[in-house]
Amino acid sequence: MTEAQPVRVVDAPLLPASHDQGLVEVFRRRYLLKLLVRREITARYSGSFLGMLWSYINPLSQFAVYYFVMGVLFNLHEDIPNFPLHMFSAIIVVHFFTETFAAGTRSIMRNKALVRKMAMPREMFPVASMLVSLFHVLPQVVILVIAAVVSGWTPDAVGMMYALLAIAVIMLLGTALALMFSVANVFFRDFGSFVGILTMYVRFGVPMIYPFTMVEERFGRFADYYLLNPIADAVLLFQRAFWVGTSRDVSREEMIVDHMPDGLLMHGMVALGVSAALLVVAQLVFTRLENKIPERLT
Amino acid sequence: MSHPADTSIVVENVTKSFSLRYQRTFKQLTVAKLQGRETNKRFKALDDVSFSVSQGESIGLMGLNGSGKSTLLKLVQGVMRPDSGQVLTRGRISGLIATGAGFHPQLTGRDNIYLNAAVLGMGEQETRRKFDDIVEFADVGEFLDSPVGNYSSGMFARLGFAVAVHVDCDIFLADEVLAVGDQPFKKKCMARMEEIRKSGRTLFYVSHAAGSVRKMCDRVIVLEKGRVGFDGAVDAGIKYVKYDSDEEQNPDEELGADI
Ligand SMILES: Nc1ncnc2c1ncn2[C@@H]1O[C@H](COP(=O)(O)OP(=O)(O)OP(=O)(O)O)[C@@H](O)[C@H]1O
Ligand SMILES: [Mg+2]
């Protein structure tokens, strides 16, 4: 008031107060994203005795149940080589998807303190949920690879490429759905419950507890419609990578001919394209609705 | 529309309305519709608010409870968007809309400092450089490495404040930041805000304490039910705010004065 103040010259444009939003901004602020992911990982297991081990226990117990019911109780799919690995590679993909979807949907509600009071792109939270789920895929893949190697599997370049494609499909698709549902969940919590039902359908809509050959037998050429589901494609890609080639009796080529759909790569690329398009749509939906988020969070 | 180069904040015909209640269930909604009751009553928390602030000004924002001060600050901060009109800002914004917003109770104070700094736009290097200063300012002692869930509300606030004041910002927003701190910390905060003001940053200070507004600010804006009731000199503004009650001593003023 009394003494002369130094003049601070701000060399920045005059911008709307809430300008920096969107997925692009999320990646521009990678450092914050990294911290959020790390926080999520440490916070999720803090106060638990087994800690990170839970990320192994969960899919392994799922596997045990399916194995017991399908294999031991019903004695199904004995003609399929190494059916447990067929199931487990599918479980990994499905689990990655459902975790991303479920945690992503809850992410904005869970972080309401931040969302309500700090200016940051809100896409950050669903994306962070996806990355946390991705982080948990790694130990599962390690178990899968060990099991596969024990059965006589060796990695092949094409297979590894397919595995990456599968992960990419789920990353895009999971983020897209997480974005849409996270913002919808703010308005109506019903969406959170709806996710539970959806994930149940996902489990049965992919070749996990039954082989793809069964779909082909039953539906004939309509099996192509089954392959429109990007998650089913991702599962098949992943099985092509880690399950195909685990049999000592049946060669890799034979397994591909017998159990994989024709044009798997093409289906995978289409799935990737569809997921990417869905992500764009999700971003548009999110941008439209997020304005109202802070005032609806109470 | 063009603005002078030293404009820091422009608020133009900003209106923001809220619903009086949300989250009605399907059943409630149908019943209300059938009875012909209104289902979505809205009111304007901010009503055609306009003003502009030059870089380096320090504004005291006053008004009764519920007059829209916090809402206005959220719009400037970019957390909310106006329904109509526009809010423009120049440069980086930091501040305290709520003390310790976004602290994660299960993480330690140390981790929360890094996270909070990142949310406010600081990079890893910058945070590391300022880390010791932040810790010294927060002065939470050996609690730095225990989860902030165990902090007292004052300590919580100190940590949040410490991070916010160390951001190299151009606009600093403060909304009733001193509500929970103890006396020595209040003093430290006021000194720090004084520093921020002297360094030529734009300061937006919400307070009911006339004393501290008088000390900190060189312009007062008074909100009345979401409208700008007064915009001008500090003393006149403080008089304006206490329109009806020319009573003896305002306890708030005392609180502000002895800092
Ligand atoms: N998310 C919201 N949903 C509905 N109403 C809201 C919301 N946020 C604020 N309001 C309402 O808007 C009005 C202005 O609130 P605001 O918090 O801006 O007041 P204030 O001036 O900061 O008051 P105080 O002095 O008590 O801090 C209040 O009537 C409040 O109930
Ligand atoms: Mg307020």
# chains A, B, ... in the order shown; residues from 1 in each chain; ligands from 1
call {"tool": "interface_residues", "arguments": {"of": "chain A", "to": "chain B", "cutoff": "7 Å", "atoms": "only C-alpha atoms", "output": "ChimeraX atom specification"}}
result
/A:1,5-8,10,12-18,32,35,43,113-114,116-120,291,294
call {"tool": "residues_near_ligand", "arguments": {"ligand": "ligand 2", "cutoff": "7 Å", "atoms": "only C-alpha atoms and all ligand atoms", "output": "list in words"}}
result
Asn65, Gly66, Lys69, Ser70 and Asp175 of chain B
call {"tool": "residues_around", "arguments": {"residues": "Ala241 in chain A", "least_positions_apart": "3", "cutoff": "7 Å", "atoms": "only C-alpha atoms", "output": "list of chain:residue names"}}
result
A:Gly159, A:Met160, A:Tyr162, A:Ala163, A:Leu237, A:Phe238, A:Val244
call {"tool": "select_by_dssp", "arguments": {"residues": "range 7-255 of chain B", "states": "alpha helix (DSSP H)", "output": "count of residues only"}}
result
93
call {"tool": "residues_around", "arguments": {"residues": "Ile293 in chain A", "least_positions_apart": "2", "cutoff": "12 Å", "atoms": "only C-alpha atoms", "output": "count of residues only"}}
result
33
call {"tool": "atom_distance", "arguments": {"atom1": "CA of Gly229 in chain B", "atom2": "CA of Ala210 in chain B"}}
result
16.7 Å
call {"tool": "residues_around", "arguments": {"residues": "Ala138 in chain B", "least_positions_apart": "2", "cutoff": "10 Å", "atoms": "only C-alpha atoms", "output": "ChimeraX atom specification"}}
result
/B:132-136,140-141,144,155-163,185
call {"tool": "write_last_selection", "arguments": {"atoms": "N, CA, C and O atoms", "output": "tab-separated table (two decimals), in the first residue's frame"}}
result
chain	number	residue	atom	x	y	z
B	132	ASP	N	13.02	-28.83	1.27
B	132	ASP	CA	13.45	-28.48	2.63
B	132	ASP	C	12.75	-27.23	3.14
B	132	ASP	O	12.36	-27.16	4.31
B	133	ASP	N	12.59	-26.26	2.25
B	133	ASP	CA	11.87	-25.04	2.64
B	133	ASP	C	10.44	-25.36	3.04
B	133	ASP	O	9.92	-24.83	4.02
B	134	ILE	N	9.83	-26.22	2.24
B	134	ILE	CA	8.43	-26.57	2.50
B	134	ILE	C	8.31	-27.24	3.87
B	134	ILE	O	7.47	-26.88	4.69
B	135	VAL	N	9.21	-28.19	4.12
B	135	VAL	CA	9.18	-28.91	5.38
B	135	VAL	C	9.41	-27.96	6.54
B	135	VAL	O	8.73	-28.03	7.58
B	136	GLU	N	10.35	-27.04	6.35
B	136	GLU	CA	10.64	-26.11	7.42
B	136	GLU	C	9.44	-25.22	7.71
B	136	GLU	O	9.10	-24.96	8.86
B	140	VAL	N	6.12	-29.69	10.85
B	140	VAL	CA	5.36	-30.76	11.48
B	140	VAL	C	6.28	-31.73	12.19
B	140	VAL	O	5.85	-32.76	12.70
B	141	GLY	N	7.57	-31.39	12.25
B	141	GLY	CA	8.51	-32.18	13.02
B	141	GLY	C	8.65	-33.60	12.53
B	141	GLY	O	8.68	-33.87	11.33
B	144	LEU	N	6.65	-35.96	9.72
B	144	LEU	CA	6.81	-35.88	8.27
B	144	LEU	C	6.66	-37.24	7.61
B	144	LEU	O	6.13	-37.36	6.52
B	155	MET	N	-2.14	-29.31	11.76
B	155	MET	CA	-0.93	-29.78	11.05
B	155	MET	C	-1.23	-30.07	9.60
B	155	MET	O	-0.43	-29.77	8.71
B	156	PHE	N	-2.38	-30.64	9.38
B	156	PHE	CA	-2.86	-30.92	8.03
B	156	PHE	C	-2.86	-29.63	7.20
B	156	PHE	O	-2.31	-29.57	6.10
B	157	ALA	N	-3.44	-28.60	7.81
B	157	ALA	CA	-3.55	-27.32	7.12
B	157	ALA	C	-2.17	-26.72	6.87
B	157	ALA	O	-1.91	-26.14	5.81
B	158	ARG	N	-1.28	-26.86	7.84
B	158	ARG	CA	0.06	-26.30	7.69
B	158	ARG	C	0.78	-26.89	6.50
B	158	ARG	O	1.43	-26.20	5.73
B	159	LEU	N	0.65	-28.20	6.38
B	159	LEU	CA	1.32	-28.87	5.27
B	159	LEU	C	0.78	-28.36	3.94
B	159	LEU	O	1.55	-28.05	3.02
B	160	GLY	N	-0.55	-28.27	3.86
B	160	GLY	CA	-1.16	-27.78	2.62
B	160	GLY	C	-0.72	-26.36	2.32
B	160	GLY	O	-0.35	-26.03	1.18
B	161	PHE	N	-0.72	-25.54	3.32
B	161	PHE	CA	-0.33	-24.15	3.14
B	161	PHE	C	1.13	-24.05	2.71
B	161	PHE	O	1.49	-23.30	1.81
B	162	ALA	N	1.97	-24.85	3.36
B	162	ALA	CA	3.40	-24.81	3.06
B	162	ALA	C	3.66	-25.11	1.59
B	162	ALA	O	4.48	-24.45	0.95
B	163	VAL	N	2.96	-26.11	1.05
B	163	VAL	CA	3.17	-26.43	-0.35
B	163	VAL	C	2.67	-25.29	-1.23
B	163	VAL	O	3.37	-24.83	-2.14
B	185	PHE	N	1.46	-19.85	13.85
B	185	PHE	CA	1.39	-20.20	12.45
B	185	PHE	C	0.63	-19.14	11.66
B	185	PHE	O	1.00	-18.80	10.54
call {"tool": "residues_around", "arguments": {"residues": "range 126-132 of chain A", "least_positions_apart": "5", "cutoff": "8 Å", "atoms": "only C-alpha atoms", "output": "mmCIF file with N, CA and C atoms, in the first residue's frame"}}
result
data_model
loop_
_atom_site.group_PDB
_atom_site.id
_atom_site.type_symbol
_atom_site.label_atom_id
_atom_site.label_comp_id
_atom_site.auth_asym_id
_atom_site.auth_seq_id
_atom_site.Cartn_x
_atom_site.Cartn_y
_atom_site.Cartn_z
ATOM 1 N N LEU A 33 0.817 -37.815 -13.230
ATOM 2 C CA LEU A 33 0.187 -39.116 -13.480
ATOM 3 C C LEU A 33 0.974 -40.221 -12.782
ATOM 4 N N LEU A 36 0.288 -40.174 -9.128
ATOM 5 C CA LEU A 36 -1.053 -40.678 -8.815
ATOM 6 C C LEU A 36 -1.089 -42.196 -8.898
ATOM 7 N N VAL A 37 -0.418 -42.735 -9.910
ATOM 8 C CA VAL A 37 -0.387 -44.192 -10.058
ATOM 9 C C VAL A 37 0.349 -44.810 -8.869
ATOM 10 N N GLU A 40 -1.774 -44.693 -5.819
ATOM 11 C CA GLU A 40 -2.846 -45.680 -5.894
ATOM 12 C C GLU A 40 -2.318 -47.058 -5.510
ATOM 13 N N ILE A 41 -1.140 -47.375 -6.000
ATOM 14 C CA ILE A 41 -0.577 -48.699 -5.733
ATOM 15 C C ILE A 41 -0.225 -48.855 -4.256
ATOM 16 N N GLU A 99 -10.772 -54.929 -14.088
ATOM 17 C CA GLU A 99 -10.161 -54.052 -13.075
ATOM 18 C C GLU A 99 -10.138 -52.610 -13.559
ATOM 19 N N THR A 100 -9.714 -52.414 -14.808
ATOM 20 C CA THR A 100 -9.674 -51.068 -15.360
ATOM 21 C C THR A 100 -11.062 -50.452 -15.363
ATOM 22 N N PHE A 101 -12.011 -51.236 -15.795
ATOM 23 C CA PHE A 101 -13.384 -50.765 -15.922
ATOM 24 C C PHE A 101 -13.958 -50.424 -14.542
ATOM 25 N N ALA A 103 -12.418 -50.115 -11.427
ATOM 26 C CA ALA A 103 -11.686 -49.100 -10.663
ATOM 27 C C ALA A 103 -11.785 -47.746 -11.350
ATOM 28 N N GLY A 104 -11.744 -47.745 -12.675
ATOM 29 C CA GLY A 104 -11.859 -46.497 -13.420
ATOM 30 C C GLY A 104 -13.201 -45.837 -13.178
ATOM 31 N N THR A 105 -14.243 -46.627 -13.156
ATOM 32 C CA THR A 105 -15.582 -46.082 -12.940
ATOM 33 C C THR A 105 -15.683 -45.420 -11.571
ATOM 34 N N SER A 107 -13.164 -44.135 -9.996
ATOM 35 C CA SER A 107 -11.997 -43.292 -9.722
ATOM 36 C C SER A 107 -12.342 -41.843 -9.379
ATOM 37 N N ILE A 108 -13.301 -41.257 -10.064
ATOM 38 C CA ILE A 108 -13.577 -39.840 -9.795
ATOM 39 C C ILE A 108 -14.259 -39.678 -8.443
ATOM 40 N N MET A 171 -6.075 -51.648 -23.148
ATOM 41 C CA MET A 171 -5.747 -50.323 -22.601
ATOM 42 C C MET A 171 -6.686 -49.261 -23.166
ATOM 43 N N GLY A 174 -10.488 -50.192 -22.250
ATOM 44 C CA GLY A 174 -10.726 -50.003 -20.812
ATOM 45 C C GLY A 174 -10.753 -48.531 -20.452
ATOM 46 N N THR A 175 -9.821 -47.762 -20.993
ATOM 47 C CA THR A 175 -9.800 -46.331 -20.697
ATOM 48 C C THR A 175 -11.047 -45.647 -21.227
ATOM 49 N N ALA A 178 -13.886 -46.596 -18.970
ATOM 50 C CA ALA A 178 -13.678 -46.002 -17.650
ATOM 51 C C ALA A 178 -13.984 -44.511 -17.682
ATOM 52 N N LEU A 179 -13.590 -43.840 -18.746
ATOM 53 C CA LEU A 179 -13.871 -42.404 -18.872
ATOM 54 C C LEU A 179 -15.370 -42.155 -18.845
ATOM 55 N N SER A 182 -16.961 -43.296 -15.433
ATOM 56 C CA SER A 182 -16.555 -42.542 -14.245
ATOM 57 C C SER A 182 -17.362 -41.264 -14.130
#
